[in-house]
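Below is work.tsv, which holds TSV, C-alpha atoms.
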chain	number	residue	atom	x	y	z
A	1	MET	CA	-54.35	16.88	-49.64
A	2	LEU	CA	-53.94	20.68	-49.57
A	3	PHE	CA	-55.78	20.84	-52.90
A	4	ILE	CA	-58.77	18.98	-51.43
A	5	ILE	CA	-58.86	21.25	-48.38
A	6	ALA	CA	-58.74	24.36	-50.59
A	7	ALA	CA	-61.55	23.01	-52.81
A	8	ILE	CA	-63.72	22.32	-49.79
A	9	GLY	CA	-63.05	25.80	-48.42
A	10	LEU	CA	-63.92	27.40	-51.75
A	11	ALA	CA	-67.16	25.40	-51.94
A	12	ILE	CA	-68.12	26.48	-48.44
A	13	THR	CA	-67.40	30.13	-49.27
A	14	ILE	CA	-69.44	29.98	-52.48
A	15	SER	CA	-72.34	28.27	-50.69
A	16	HIS	CA	-72.26	30.87	-47.91
A	17	ARG	CA	-72.23	33.77	-50.37
A	18	THR	CA	-75.04	32.15	-52.36
A	19	ALA	CA	-77.10	31.71	-49.20
A	20	ASP	CA	-76.43	35.32	-48.21
A	21	GLY	CA	-77.52	36.49	-51.63
A	22	ALA	CA	-80.69	34.41	-51.51
A	23	ASN	CA	-81.45	35.77	-48.05
A	24	ASP	CA	-80.99	39.36	-49.27
A	25	ARG	CA	-83.35	38.72	-52.15
A	26	SER	CA	-85.93	37.18	-49.83
A	27	VAL	CA	-85.79	40.17	-47.50
A	28	VAL	CA	-86.22	42.63	-50.38
A	29	VAL	CA	-89.10	40.65	-51.92
A	30	ASN	CA	-90.93	40.41	-48.58
A	31	ALA	CA	-90.34	44.07	-47.86
A	32	ALA	CA	-91.67	45.10	-51.29
A	33	ASP	CA	-94.77	42.90	-50.92
A	34	ALA	CA	-95.51	44.18	-47.43
A	35	ALA	CA	-94.91	47.79	-48.44
A	36	ALA	CA	-97.15	47.62	-51.53
A	37	TYR	CA	-100.00	45.95	-49.67
A	38	SER	CA	-99.69	48.39	-46.76
A	39	GLY	CA	-99.74	51.36	-49.15
A	40	ALA	CA	-102.84	49.99	-50.89
A	41	SER	CA	-104.51	49.34	-47.52
A	42	TRP	CA	-103.73	52.89	-46.41
A	43	MET	CA	-105.26	54.29	-49.59
A	44	ALA	CA	-108.32	52.02	-49.42
A	45	ARG	CA	-109.03	53.06	-45.82
A	46	HIS	CA	-108.93	56.74	-46.73
A	47	LEU	CA	-111.08	56.26	-49.82
A	48	ASN	CA	-113.61	54.45	-47.64
A	49	LEU	CA	-113.41	57.28	-45.10
A	50	ILE	CA	-114.24	59.73	-47.89
A	51	ALA	CA	-117.13	57.48	-48.97
A	52	TYR	CA	-118.54	57.31	-45.43
A	53	THR	CA	-118.36	61.08	-45.05
A	54	ASN	CA	-119.99	61.56	-48.46
A	55	ARG	CA	-122.86	59.34	-47.38
A	56	ALA	CA	-123.07	61.27	-44.11
A	57	LEU	CA	-123.22	64.56	-46.03
A	58	VAL	CA	-126.11	63.18	-48.09
A	59	ALA	CA	-127.89	61.84	-44.99
A	60	ASN	CA	-127.49	65.08	-43.05
A	61	HIS	CA	-128.71	67.16	-45.97
A	62	ILE	CA	-131.76	64.92	-46.33
A	63	ALA	CA	-132.35	65.20	-42.57
A	64	VAL	CA	-132.56	68.98	-42.95
A	65	GLY	CA	-135.10	68.47	-45.74
A	66	HIS	CA	-137.12	66.09	-43.56
A	67	PHE	CA	-137.09	68.58	-40.71
A	68	THR	CA	-138.21	71.35	-43.08
A	69	ALA	CA	-141.13	69.20	-44.27
A	70	TYR	CA	-142.06	68.33	-40.67
A	71	LEU	CA	-142.02	72.00	-39.64
A	72	SER	CA	-144.26	72.89	-42.57
A	73	TRP	CA	-146.67	70.14	-41.54
A	74	LEU	CA	-146.57	71.28	-37.89
A	75	ARG	CA	-147.37	74.85	-38.89
A	76	TYR	CA	-150.31	73.53	-40.88
A	77	VAL	CA	-151.50	71.55	-37.83
A	78	GLU	CA	-151.15	74.62	-35.61
A	79	ASP	CA	-153.11	76.75	-38.11
A	80	ALA	CA	-155.82	74.08	-38.35
A	81	SER	CA	-156.03	73.82	-34.55
A	82	ASP	CA	-156.43	77.58	-34.20
A	83	GLY	CA	-159.13	77.59	-36.86
A	84	LEU	CA	-161.01	74.74	-35.22
A	85	ALA	CA	-160.79	76.40	-31.81
A	86	SER	CA	-162.16	79.62	-33.30
A	87	VAL	CA	-165.14	77.81	-34.86
A	88	THR	CA	-166.02	75.84	-31.71
A	89	ARG	CA	-165.40	78.54	-29.11
A	90	TYR	CA	-169.13	78.89	-28.37
A	91	ILE	CA	-169.83	75.14	-28.07
A	92	PRO	CA	-169.71	74.02	-24.42
A	93	TYR	CA	-167.17	71.33	-23.54
A	94	VAL	CA	-166.04	71.06	-27.16
A	95	ASN	CA	-164.42	74.49	-26.98
A	96	GLN	CA	-162.35	73.40	-24.00
A	97	ALA	CA	-160.91	70.44	-25.90
A	98	THR	CA	-160.21	72.40	-29.09
A	99	SER	CA	-158.65	75.27	-27.14
A	100	ALA	CA	-156.37	72.85	-25.30
A	101	ALA	CA	-155.38	71.22	-28.60
A	102	ALA	CA	-154.59	74.65	-30.07
A	103	ARG	CA	-152.39	75.52	-27.07
A	104	ILE	CA	-150.53	72.22	-27.35
A	105	ALA	CA	-149.98	72.67	-31.08
A	106	ASP	CA	-148.76	76.23	-30.55
A	107	ALA	CA	-146.30	75.15	-27.84
A	108	ALA	CA	-145.05	72.26	-30.00
A	109	LEU	CA	-144.53	74.62	-32.93
A	110	LYS	CA	-142.59	77.18	-30.89
A	111	GLY	CA	-140.40	74.49	-29.36
A	112	THR	CA	-139.72	72.91	-32.76
A	113	GLU	CA	-138.83	76.26	-34.31
A	114	LEU	CA	-136.42	77.00	-31.47
A	115	PHE	CA	-134.85	73.55	-31.80
A	116	GLY	CA	-134.62	73.94	-35.57
A	117	ARG	CA	-132.34	76.95	-35.38
A	118	GLY	CA	-129.74	75.10	-33.35
A	119	TYR	CA	-130.24	71.84	-35.25
A	120	ILE	CA	-129.65	73.25	-38.72
A	121	ASN	CA	-126.73	75.40	-37.59
A	122	GLY	CA	-125.27	72.27	-35.98
A	123	ILE	CA	-125.65	70.36	-39.25
A	124	ASP	CA	-123.80	73.16	-41.02
A	125	GLY	CA	-120.98	72.89	-38.49
A	126	LEU	CA	-120.85	69.12	-38.88
A	127	HIS	CA	-120.67	69.53	-42.66
A	128	GLY	CA	-117.66	71.77	-42.17
A	129	LEU	CA	-115.89	69.12	-40.07
A	130	MET	CA	-116.60	66.45	-42.69
A	131	MET	CA	-115.30	68.61	-45.51
A	132	SER	CA	-112.14	69.22	-43.47
A	133	THR	CA	-111.80	65.47	-42.88
A	134	GLN	CA	-112.07	64.83	-46.60
A	135	ALA	CA	-109.39	67.44	-47.33
A	136	ARG	CA	-107.01	65.68	-44.94
A	137	ALA	CA	-107.87	62.32	-46.48
A	138	ARG	CA	-107.06	63.62	-49.96
A	139	LEU	CA	-103.64	64.72	-48.72
A	140	ALA	CA	-103.08	61.36	-47.04
A	141	ILE	CA	-103.47	59.42	-50.30
A	142	GLN	CA	-101.03	61.50	-52.31
A	143	PRO	CA	-97.99	59.47	-53.50
A	144	PRO	CA	-95.41	61.12	-51.16
A	145	GLU	CA	-97.47	60.22	-48.09
A	146	ILE	CA	-98.07	56.65	-49.30
A	147	ASP	CA	-94.32	56.32	-49.98
A	148	ARG	CA	-93.65	57.37	-46.39
A	149	ILE	CA	-96.00	54.67	-45.09
A	150	MET	CA	-94.50	52.03	-47.37
A	151	ALA	CA	-90.93	52.98	-46.40
A	152	ALA	CA	-91.74	52.55	-42.71
A	153	VAL	CA	-93.15	49.09	-43.39
A	154	ALA	CA	-90.23	48.04	-45.60
A	155	GLN	CA	-87.65	49.22	-43.09
A	156	SER	CA	-89.16	46.99	-40.45
A	157	HIS	CA	-87.68	44.14	-42.55
A	158	ASP	CA	-84.33	45.85	-43.01
A	159	PRO	CA	-83.53	49.46	-41.99
A	160	SER	CA	-81.42	50.01	-45.12
A	161	ILE	CA	-84.25	49.28	-47.60
A	162	ALA	CA	-85.57	52.29	-49.54
A	163	ILE	CA	-88.90	52.54	-51.34
A	164	ASN	CA	-89.50	54.32	-54.66
A	165	GLN	CA	-86.28	56.32	-54.49
A	166	THR	CA	-85.54	58.38	-57.60
A	167	ASP	CA	-81.80	57.67	-57.60
A	168	ALA	CA	-82.39	53.93	-57.25
A	169	THR	CA	-84.91	54.03	-60.10
A	170	ASN	CA	-82.56	55.97	-62.36
A	171	ALA	CA	-79.80	53.44	-61.70
A	172	LEU	CA	-81.86	50.55	-63.07
A	173	PRO	CA	-80.84	49.23	-66.48
A	174	GLN	CA	-83.24	49.39	-69.40
A	175	PRO	CA	-85.94	48.21	-69.93
A	176	TYR	CA	-86.56	47.94	-66.18
A	177	ARG	CA	-86.02	51.67	-65.65
A	178	ALA	CA	-88.75	52.65	-68.12
A	179	VAL	CA	-91.23	50.16	-66.59
A	180	VAL	CA	-90.71	51.40	-63.03
A	181	GLN	CA	-90.73	55.06	-63.99
A	182	GLY	CA	-93.97	54.49	-65.88
A	183	TYR	CA	-95.63	52.98	-62.81
A	184	LEU	CA	-94.40	55.78	-60.56
A	185	ALA	CA	-95.60	58.47	-62.97
A	186	SER	CA	-99.00	56.85	-63.52
A	187	ARG	CA	-99.90	56.90	-59.83
A	188	TYR	CA	-99.54	60.70	-59.77
A	189	ALA	CA	-101.75	60.96	-62.83
A	190	GLU	CA	-104.38	58.65	-61.33
A	191	THR	CA	-104.58	60.42	-57.98
A	192	LEU	CA	-104.45	63.99	-59.23
A	193	SER	CA	-106.73	63.57	-62.23
A	194	ARG	CA	-109.41	61.32	-60.74
A	195	ILE	CA	-109.90	62.43	-57.12
A	196	GLN	CA	-111.09	65.99	-56.73
A	197	SER	CA	-113.01	68.33	-54.50
A	198	ALA	CA	-116.27	69.37	-56.16
A	199	ARG	CA	-119.12	71.79	-55.56
A	200	PRO	CA	-122.60	70.24	-55.76
A	201	GLY	CA	-123.63	72.89	-58.27
A	202	ASP	CA	-120.70	72.18	-60.62
A	203	ASP	CA	-120.59	68.38	-60.70
A	204	ARG	CA	-123.05	67.50	-63.47
A	205	ARG	CA	-125.73	66.80	-60.87
A	206	ARG	CA	-123.88	63.87	-59.29
A	207	PHE	CA	-124.53	64.98	-55.72
A	208	GLY	CA	-128.17	65.67	-56.55
A	209	GLU	CA	-128.48	62.20	-58.07
A	210	TRP	CA	-127.28	60.68	-54.82
A	211	VAL	CA	-129.75	62.71	-52.81
A	212	ALA	CA	-132.57	61.62	-55.13
A	213	ALA	CA	-131.47	57.96	-55.11
A	214	THR	CA	-131.35	57.88	-51.31
A	215	ILE	CA	-134.84	59.36	-51.05
A	216	ASP	CA	-136.24	56.98	-53.65
A	217	HIS	CA	-134.77	54.04	-51.74
A	218	ASP	CA	-137.02	54.72	-48.70
A	219	ARG	CA	-140.80	54.82	-49.05
A	220	ARG	CA	-141.23	57.05	-45.98
A	221	LEU	CA	-138.71	59.57	-47.25
A	222	ARG	CA	-140.48	59.64	-50.60
A	223	ARG	CA	-143.72	60.53	-48.83
A	224	TRP	CA	-142.23	63.46	-46.93
A	225	LEU	CA	-139.78	64.74	-49.51
A	226	ALA	CA	-141.61	64.22	-52.79
A	227	GLY	CA	-141.94	67.31	-54.92
A	228	ARG	CA	-140.44	68.99	-57.90
A	229	GLU	CA	-136.69	69.51	-58.17
A	230	GLY	CA	-135.48	73.03	-58.77
A	231	ARG	CA	-135.61	76.52	-57.38
A	232	GLY	CA	-138.68	78.03	-55.79
A	233	TRP	CA	-141.63	76.60	-53.91
A	234	PRO	CA	-143.07	73.23	-54.92
A	235	GLY	CA	-146.41	72.71	-56.60
A	236	TYR	CA	-149.00	71.20	-54.27
A	237	GLY	CA	-149.89	68.46	-56.70
A	238	SER	CA	-146.30	67.21	-56.88
A	239	GLY	CA	-146.14	65.85	-53.32
A	240	HIS	CA	-147.16	62.64	-51.56
A	241	ARG	CA	-148.48	64.05	-48.28
A	242	GLU	CA	-151.99	63.99	-49.70
A	243	TRP	CA	-155.44	62.56	-49.01
A	244	ASP	CA	-159.00	63.51	-49.91
A	245	VAL	CA	-162.57	62.70	-48.83
A	246	LYS	CA	-165.72	63.35	-50.81
A	247	ILE	CA	-169.37	63.20	-49.77
A	248	PRO	CA	-171.36	63.29	-53.03
A	249	LEU	CA	-173.50	66.40	-53.53
A	250	ILE	CA	-172.45	67.80	-50.11
A	251	ILE	CA	-168.75	68.46	-49.52
A	252	LYS	CA	-165.26	67.38	-50.40
A	253	ILE	CA	-162.05	68.02	-48.49
A	254	ARG	CA	-158.41	67.43	-49.27
A	255	LYS	CA	-154.98	67.69	-47.68
A	256	GLN	CA	-151.94	68.42	-49.85
A	257	GLY	CA	-148.23	68.69	-49.08
A	258	ALA	CA	-145.02	68.79	-51.11
A	259	THR	CA	-141.31	69.48	-50.67
A	260	SER	CA	-138.93	70.83	-53.28
A	261	ARG	CA	-135.16	70.53	-53.38
A	262	ALA	CA	-132.72	72.41	-55.53
A	263	ASP	CA	-130.62	70.42	-57.95
A	264	HIS	CA	-127.61	71.15	-55.75
A	265	ALA	CA	-127.24	71.50	-51.99
A	266	ASP	CA	-127.11	75.18	-51.22
A	267	ALA	CA	-129.00	77.61	-49.00
A	268	ASP	CA	-132.28	77.28	-50.88
A	269	GLY	CA	-132.12	73.50	-51.02
A	270	TRP	CA	-135.37	72.68	-49.18
A	271	ARG	CA	-138.83	74.28	-49.22
A	272	SER	CA	-142.04	72.66	-48.10
A	273	LEU	CA	-145.78	73.46	-48.25
A	274	ASP	CA	-148.92	71.99	-46.67
A	275	ARG	CA	-152.57	72.99	-46.91
A	276	PHE	CA	-156.07	71.80	-46.03
A	277	GLN	CA	-158.99	72.74	-48.29
A	278	LYS	CA	-162.73	72.24	-48.71
A	279	ALA	CA	-165.25	72.67	-51.51
A	280	GLU	CA	-169.04	72.64	-51.15
A	281	TYR	CA	-171.67	71.47	-53.63
A	282	LYS	CA	-174.06	74.20	-54.72
A	283	LEU	CA	-177.42	72.56	-55.25
A	284	GLY	CA	-178.93	75.62	-56.91
A	285	LYS	CA	-176.20	75.69	-59.58
A	286	GLY	CA	-175.54	71.98	-59.68
A	287	GLU	CA	-171.78	72.40	-59.38
A	288	TRP	CA	-168.94	72.43	-56.89
A	289	SER	CA	-167.65	75.67	-55.47
A	290	GLY	CA	-163.99	76.58	-55.67
A	291	TRP	CA	-161.54	75.33	-53.09
A	292	ASP	CA	-161.32	77.27	-49.83
A	293	THR	CA	-158.08	76.95	-47.85
A	294	LEU	CA	-158.81	76.34	-44.16
A	295	ALA	CA	-155.26	75.81	-42.92
A	296	ARG	CA	-151.78	76.07	-44.35
A	297	GLY	CA	-148.12	75.82	-43.42
A	298	ARG	CA	-144.80	76.40	-45.11
A	299	ALA	CA	-141.12	76.20	-44.21
A	300	ASP	CA	-137.83	77.18	-45.85
A	301	ALA	CA	-134.59	75.61	-44.60
A	302	ASP	CA	-132.69	78.84	-45.21
A	303	ARG	CA	-135.08	80.89	-43.09
A	304	ILE	CA	-135.38	78.44	-40.21
A	305	ALA	CA	-131.81	78.98	-39.04
A	306	GLY	CA	-131.03	82.26	-40.76
A	307	ASN	CA	-128.75	80.80	-43.43
A	308	TYR	CA	-128.55	77.09	-44.16
A	309	ARG	CA	-125.33	76.70	-46.14
A	310	GLY	CA	-125.83	73.06	-47.05
A	311	VAL	CA	-123.09	70.91	-48.57
A	312	ARG	CA	-120.59	73.33	-50.03
A	313	ARG	CA	-117.96	70.80	-51.16
A	314	TYR	CA	-117.43	67.06	-51.26
A	315	THR	CA	-114.90	64.64	-52.78
A	316	ARG	CA	-115.70	62.64	-55.89
A	317	LEU	CA	-114.11	60.68	-58.71
A	318	LYS	CA	-113.75	62.97	-61.69
A	319	THR	CA	-114.49	60.27	-64.24
A	320	ARG	CA	-116.74	57.24	-64.18
A	321	GLY	CA	-116.16	53.91	-65.82
A	322	ASP	CA	-112.77	54.78	-67.29
A	323	HIS	CA	-110.73	52.96	-64.64
A	324	PRO	CA	-112.74	49.96	-63.41
A	325	GLY	CA	-109.58	48.45	-61.87
A	326	GLY	CA	-109.14	51.22	-59.34
A	327	PHE	CA	-105.74	52.68	-58.40
A	328	THR	CA	-102.17	51.40	-58.75
A	329	VAL	CA	-99.74	51.36	-55.81
A	330	PRO	CA	-96.22	50.35	-56.97
A	331	ALA	CA	-93.41	49.61	-54.50
A	332	ILE	CA	-89.86	49.35	-55.83
A	333	ALA	CA	-87.79	48.17	-52.84
A	334	THR	CA	-84.04	48.76	-53.03
A	335	LEU	CA	-81.36	47.25	-50.84
A	336	ALA	CA	-78.40	49.42	-51.79
A	337	GLU	CA	-75.61	47.32	-50.25
A	338	GLY	CA	-76.41	43.69	-49.56
A	339	ARG	CA	-74.09	40.99	-48.31
A	340	LEU	CA	-72.82	40.54	-51.86
A	341	SER	CA	-71.96	44.27	-52.01
A	342	ARG	CA	-74.37	45.00	-54.83
A	343	ARG	CA	-77.77	46.65	-55.23
A	344	ILE	CA	-80.92	44.49	-55.15
A	345	ASN	CA	-84.28	45.81	-56.40
A	346	HIS	CA	-87.74	44.31	-56.40
A	347	LEU	CA	-90.97	45.68	-57.81
A	348	THR	CA	-94.35	44.71	-56.34
A	349	ILE	CA	-97.59	46.20	-57.61
A	350	ALA	CA	-100.72	46.48	-55.48
A	351	ARG	CA	-104.16	47.66	-56.56
A	352	VAL	CA	-106.96	49.46	-54.75
A	353	VAL	CA	-110.16	48.09	-56.28
A	354	TYR	CA	-113.86	48.82	-55.86
A	355	ARG	CA	-115.77	45.67	-54.88
A	356	PRO	CA	-119.37	46.09	-53.62
A	357	PRO	CA	-120.76	43.03	-51.84
A	358	GLN	CA	-122.92	40.62	-53.78
A	359	GLY	CA	-126.62	41.37	-53.54
A	360	CYS	CA	-126.10	44.95	-52.37
A	361	GLY	CA	-129.21	46.79	-53.52
A	362	GLN	CA	-129.45	50.34	-54.77
A	363	PRO	CA	-128.34	52.84	-53.76
A	364	CYS	CA	-125.60	50.86	-52.04
A	365	PRO	CA	-123.06	50.44	-54.88
A	366	GLY	CA	-123.82	53.82	-56.38
A	367	ASP	CA	-124.17	52.85	-60.03
A	368	ALA	CA	-126.07	50.12	-61.78
A	369	GLY	CA	-122.84	48.86	-63.33
A	370	ASN	CA	-120.97	49.03	-60.00
A	371	ASP	CA	-118.59	51.61	-61.42
A	372	PRO	CA	-116.08	52.92	-58.88
A	373	THR	CA	-117.53	55.72	-56.79
A	374	LEU	CA	-116.66	57.63	-53.65
A	375	PHE	CA	-120.16	57.16	-52.27
A	376	GLY	CA	-119.71	53.45	-51.54
A	377	PRO	CA	-117.19	52.32	-48.85
A	378	PHE	CA	-116.17	49.21	-50.78
A	379	TRP	CA	-112.54	49.94	-51.66
A	380	LYS	CA	-110.21	47.02	-50.98
A	381	PRO	CA	-106.45	46.40	-51.33
A	382	ARG	CA	-104.95	43.46	-53.15
A	383	LEU	CA	-101.61	42.46	-54.61
A	384	SER	CA	-101.65	42.60	-58.38
A	385	THR	CA	-100.99	39.65	-60.66
A	386	GLN	CA	-98.92	41.94	-62.87
A	387	PRO	CA	-95.29	40.77	-63.00
A	388	GLY	CA	-92.72	42.29	-60.69
A	389	GLY	CA	-89.32	40.76	-60.13
A	390	VAL	CA	-85.89	40.92	-58.57
A	391	TRP	CA	-83.63	43.09	-60.67
A	392	PRO	CA	-79.94	44.00	-60.58

What is this structure when it is put down as structure tokens?
Amino acid sequence: MLFIIAAIGLAITISHRTADGANDRSVVVNAADAAAYSGASWMARHLNLIAYTNRALVANHIAVGHFTAYLSWLRYVEDASDGLASVTRYIPYVNQATSAAARIADAALKGTELFGRGYINGIDGLHGLMMSTQARARLAIQPPEIDRIMAAVAQSHDPSIAINQTDATNALPQPYRAVVQGYLASRYAETLSRIQSARPGDDRRRFGEWVAATIDHDRRLRRWLAGREGRGWPGYGSGHREWDVKIPLIIKIRKQGATSRADHADADGWRSLDRFQKAEYKLGKGEWSGWDTLARGRADADRIAGNYRGVRRYTRLKTRGDHPGGFTVPAIATLAEGRLSRRINHLTIARVVYRPPQGCGQPCPGDAGNDPTLFGPFWKPRLSTQPGGVWP
């Protein structure tokens, strides 16, 4: 009888210890899964924040170009209004209308120039805030900060769980130790080698490509901002703000306008020109005269506000196409002293992947092949299908 009672007691003890061990394993597995997914979510949110600010930097820089083109056009209108008022000043009634139009154009020009100084300086200040935001985001996605986030999540399951601890990793038996150490080392390499702060002039024209792609995506922007790319003033024939009228054997007139942008976003990034010309037909010679310029306007973004600094730095991926899977976020959760008085480890791997929506037209994804980029806010977290496991 005593033997039966002892056997039953032993069975109960073994069952209880087995249940405790299974419960410990479950807690560690859940903590590792939650930590890895949370770390990947944290990283994806900050990569998307960088992407949004990159797009805002592009949009703001283009807005300065658009304003520069508009000011050039307005100066041309003001010059044309003054010229028309001068020609018609002796014509009754007509001179009153043209003089009023000239005064309105002059007032509009002065008000726009005054607004432009504050507007462009404000854009420069906003660029500074965005660059500071990107610097903080780059710090937030470094492995130590992600480990801190993951540890807080894991410890909500059990306060004694540690995440990615060096001593716990070193205590793993081979080959588990080499696998985990490889994952932990690779995340430093991925983050430090791929995500970098870049100057638009030293990035193999990537920022300039985004500016050009954004302009090409909008027909109205193409009209205002078309012109040659490079330093200096644009050529009149390179723009789209053009029209012409010709009366055979009498006169022909034309309006031309163009805007140039440098191949990187610095102080001389935007310059714009507009002019209005006429040519008369000389019956005696049977040929057209040369073009006479009746009105003109020009604007330089740097001179409008004194010193337009443009986009001085932005964050980009250093390489393209080499890592289509995104970034790895490993979480090795360690319960140092479970109910069975032994260490329990579990590895879960999460990924941060770039997934543009289906049917997203250019320049939404950024690259024709949908390569990962920090100009598209389409970074998403997911748990990897790569094997993890509970290890002693």

Q.
Ranking A:Gln155, A:Arg312, A:Ser72, A:Arg228 by minimum distance to Glu113 (chain A) and counting only C-alpha atoms, which one comes first?
A.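 Result for the nearest residue to Glu113 (chain A): A:Ser72.
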
**Q.** Straight-line distance linking CA of Thr98 (chain A) with CA of Asp82 (chain A), stated in Å to one decimal
**A.**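 Straight-line distance from CA of Thr98 (chain A) to CA of Asp82 (chain A) works out to 8.2 Å.
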
As AutoDock Vina command-line options, please: the centre and edge lengths in Å, to one decimal, of an axis-aligned box enclosing every listed atom of region 78-93 of chain A with 5 Å added on each side.
--center_x -160.5 --center_y 75.5 --center_z -30.9 --size_x 28.7 --size_y 18.3 --size_z 24.8

Q | Selection near Pro248 (chain A), 12 Å with only C-alpha atoms, sequence-local residues under 6 positions removed, as number ranges by chain | A | A: 279-283, 286-288

Now that the selection is made, can you save its residues with C-alpha atoms as a CSV table (one decimal), in the frame of the given file?
chain,number,residue,atom,x,y,z
A,279,ALA,CA,-165.2,72.7,-51.5
A,280,GLU,CA,-169.0,72.6,-51.2
A,281,TYR,CA,-171.7,71.5,-53.6
A,282,LYS,CA,-174.1,74.2,-54.7
A,283,LEU,CA,-177.4,72.6,-55.2
A,286,GLY,CA,-175.5,72.0,-59.7
A,287,GLU,CA,-171.8,72.4,-59.4
A,288,TRP,CA,-168.9,72.4,-56.9

**Q.** Atomic distance CA of Asp218 (chain A) - CA of Ala105 (chain A), expressed in Å with one decimal
**A.**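 So the answer is 28.3 Å.
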
Q. If you measure from CA of Arg206 (chain A) to CA of Arg351 (chain A), what distance in Å do you get, rounded to one decimal?
A.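 Computing it gives 25.7 Å between the two atoms.
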
Q) Taking all atoms listed in the file into account, which of A:Ile141, A:Ala226, A:Val353, A:Ala135 comes nearest Leu273 (chain A)? A)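 Under the stated criterion, the closest residue is A:Ala226.
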
(Q) Which residue is closest to Leu184 (chain A)? Choose from A:Asp24, A:Asp302, A:Asp147, A:Asp274 and count all atoms listed in the file. (A)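 For Leu184 (chain A), the nearest of the given residues is A:Asp147.
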
(Q) I'd like the contact shell of Gly297 (chain A) - 12 Å cut-off, all atoms listed in the file, skipping same-chain residues fewer than 5 positions apart - returned as a ChimeraX atom specification. (A) /A:68-80,109,236,255-259,271-276

**Q.** Pick from A:Ser384, A:Asn345, A:Asn48, A:Thr53, whichever lies nearest to Ile163 (chain A) using all atoms listed in the file
**A.**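 Selected residue with least distance to Ile163 (chain A): A:Asn345.
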
(Q) Nearest residue to Pro200 (chain A) out of A:Pro330, A:Gly310, A:Gly376, A:Pro381, using all atoms listed in the file? (A)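 Residue with the minimum atom-to-atom distance to Pro200 (chain A): A:Gly310.
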
Q | Which residue of A:Gly83, A:Gly232, A:Gly111, A:Pro159 approaches Ser99 (chain A) most closely, using all atoms listed in the file | A | A:Gly83

List the neighbours of Ala59 (chain A) out to 12 Å using all atoms listed in the file; skip same-chain residues closer than 4 positions along the sequence, and give me the result as a short mmCIF file (atom, residue, chain, number, x, y, z; two decimals) with C-alpha atoms, keeping the file's coordinate frame.
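Result file is part.cif:
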data_model
loop_
_atom_site.label_atom_id
_atom_site.label_comp_id
_atom_site.auth_asym_id
_atom_site.auth_seq_id
_atom_site.Cartn_x
_atom_site.Cartn_y
_atom_site.Cartn_z
CA TYR A 52 -118.54 57.31 -45.43
CA THR A 53 -118.36 61.08 -45.05
CA ASN A 54 -119.99 61.56 -48.46
CA ARG A 55 -122.86 59.34 -47.38
CA ALA A 63 -132.35 65.20 -42.57
CA VAL A 64 -132.56 68.98 -42.95
CA GLY A 65 -135.10 68.47 -45.74
CA HIS A 66 -137.12 66.09 -43.56
CA ILE A 123 -125.65 70.36 -39.25
CA LEU A 126 -120.85 69.12 -38.88
CA HIS A 127 -120.67 69.53 -42.66
CA PHE A 207 -124.53 64.98 -55.72
CA TRP A 210 -127.28 60.68 -54.82
CA VAL A 211 -129.75 62.71 -52.81
CA ALA A 212 -132.57 61.62 -55.13
CA ALA A 213 -131.47 57.96 -55.11
CA THR A 214 -131.35 57.88 -51.31
CA ILE A 215 -134.84 59.36 -51.05
CA LEU A 221 -138.71 59.57 -47.25
CA ALA A 265 -127.24 71.50 -51.99
CA GLY A 310 -125.83 73.06 -47.05
CA VAL A 311 -123.09 70.91 -48.57
CA PHE A 375 -120.16 57.16 -52.27
#

Q.
Report as a list in words all protein, DNA and RNA residues lying within 8 Å of Ser197 (chain A), evaluated on only C-alpha atoms, omitting residues in the same chain fewer than 3 positions from it.
A.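 My list of contacting residues is Arg313, Tyr314, Thr315 and Arg316 of chain A.
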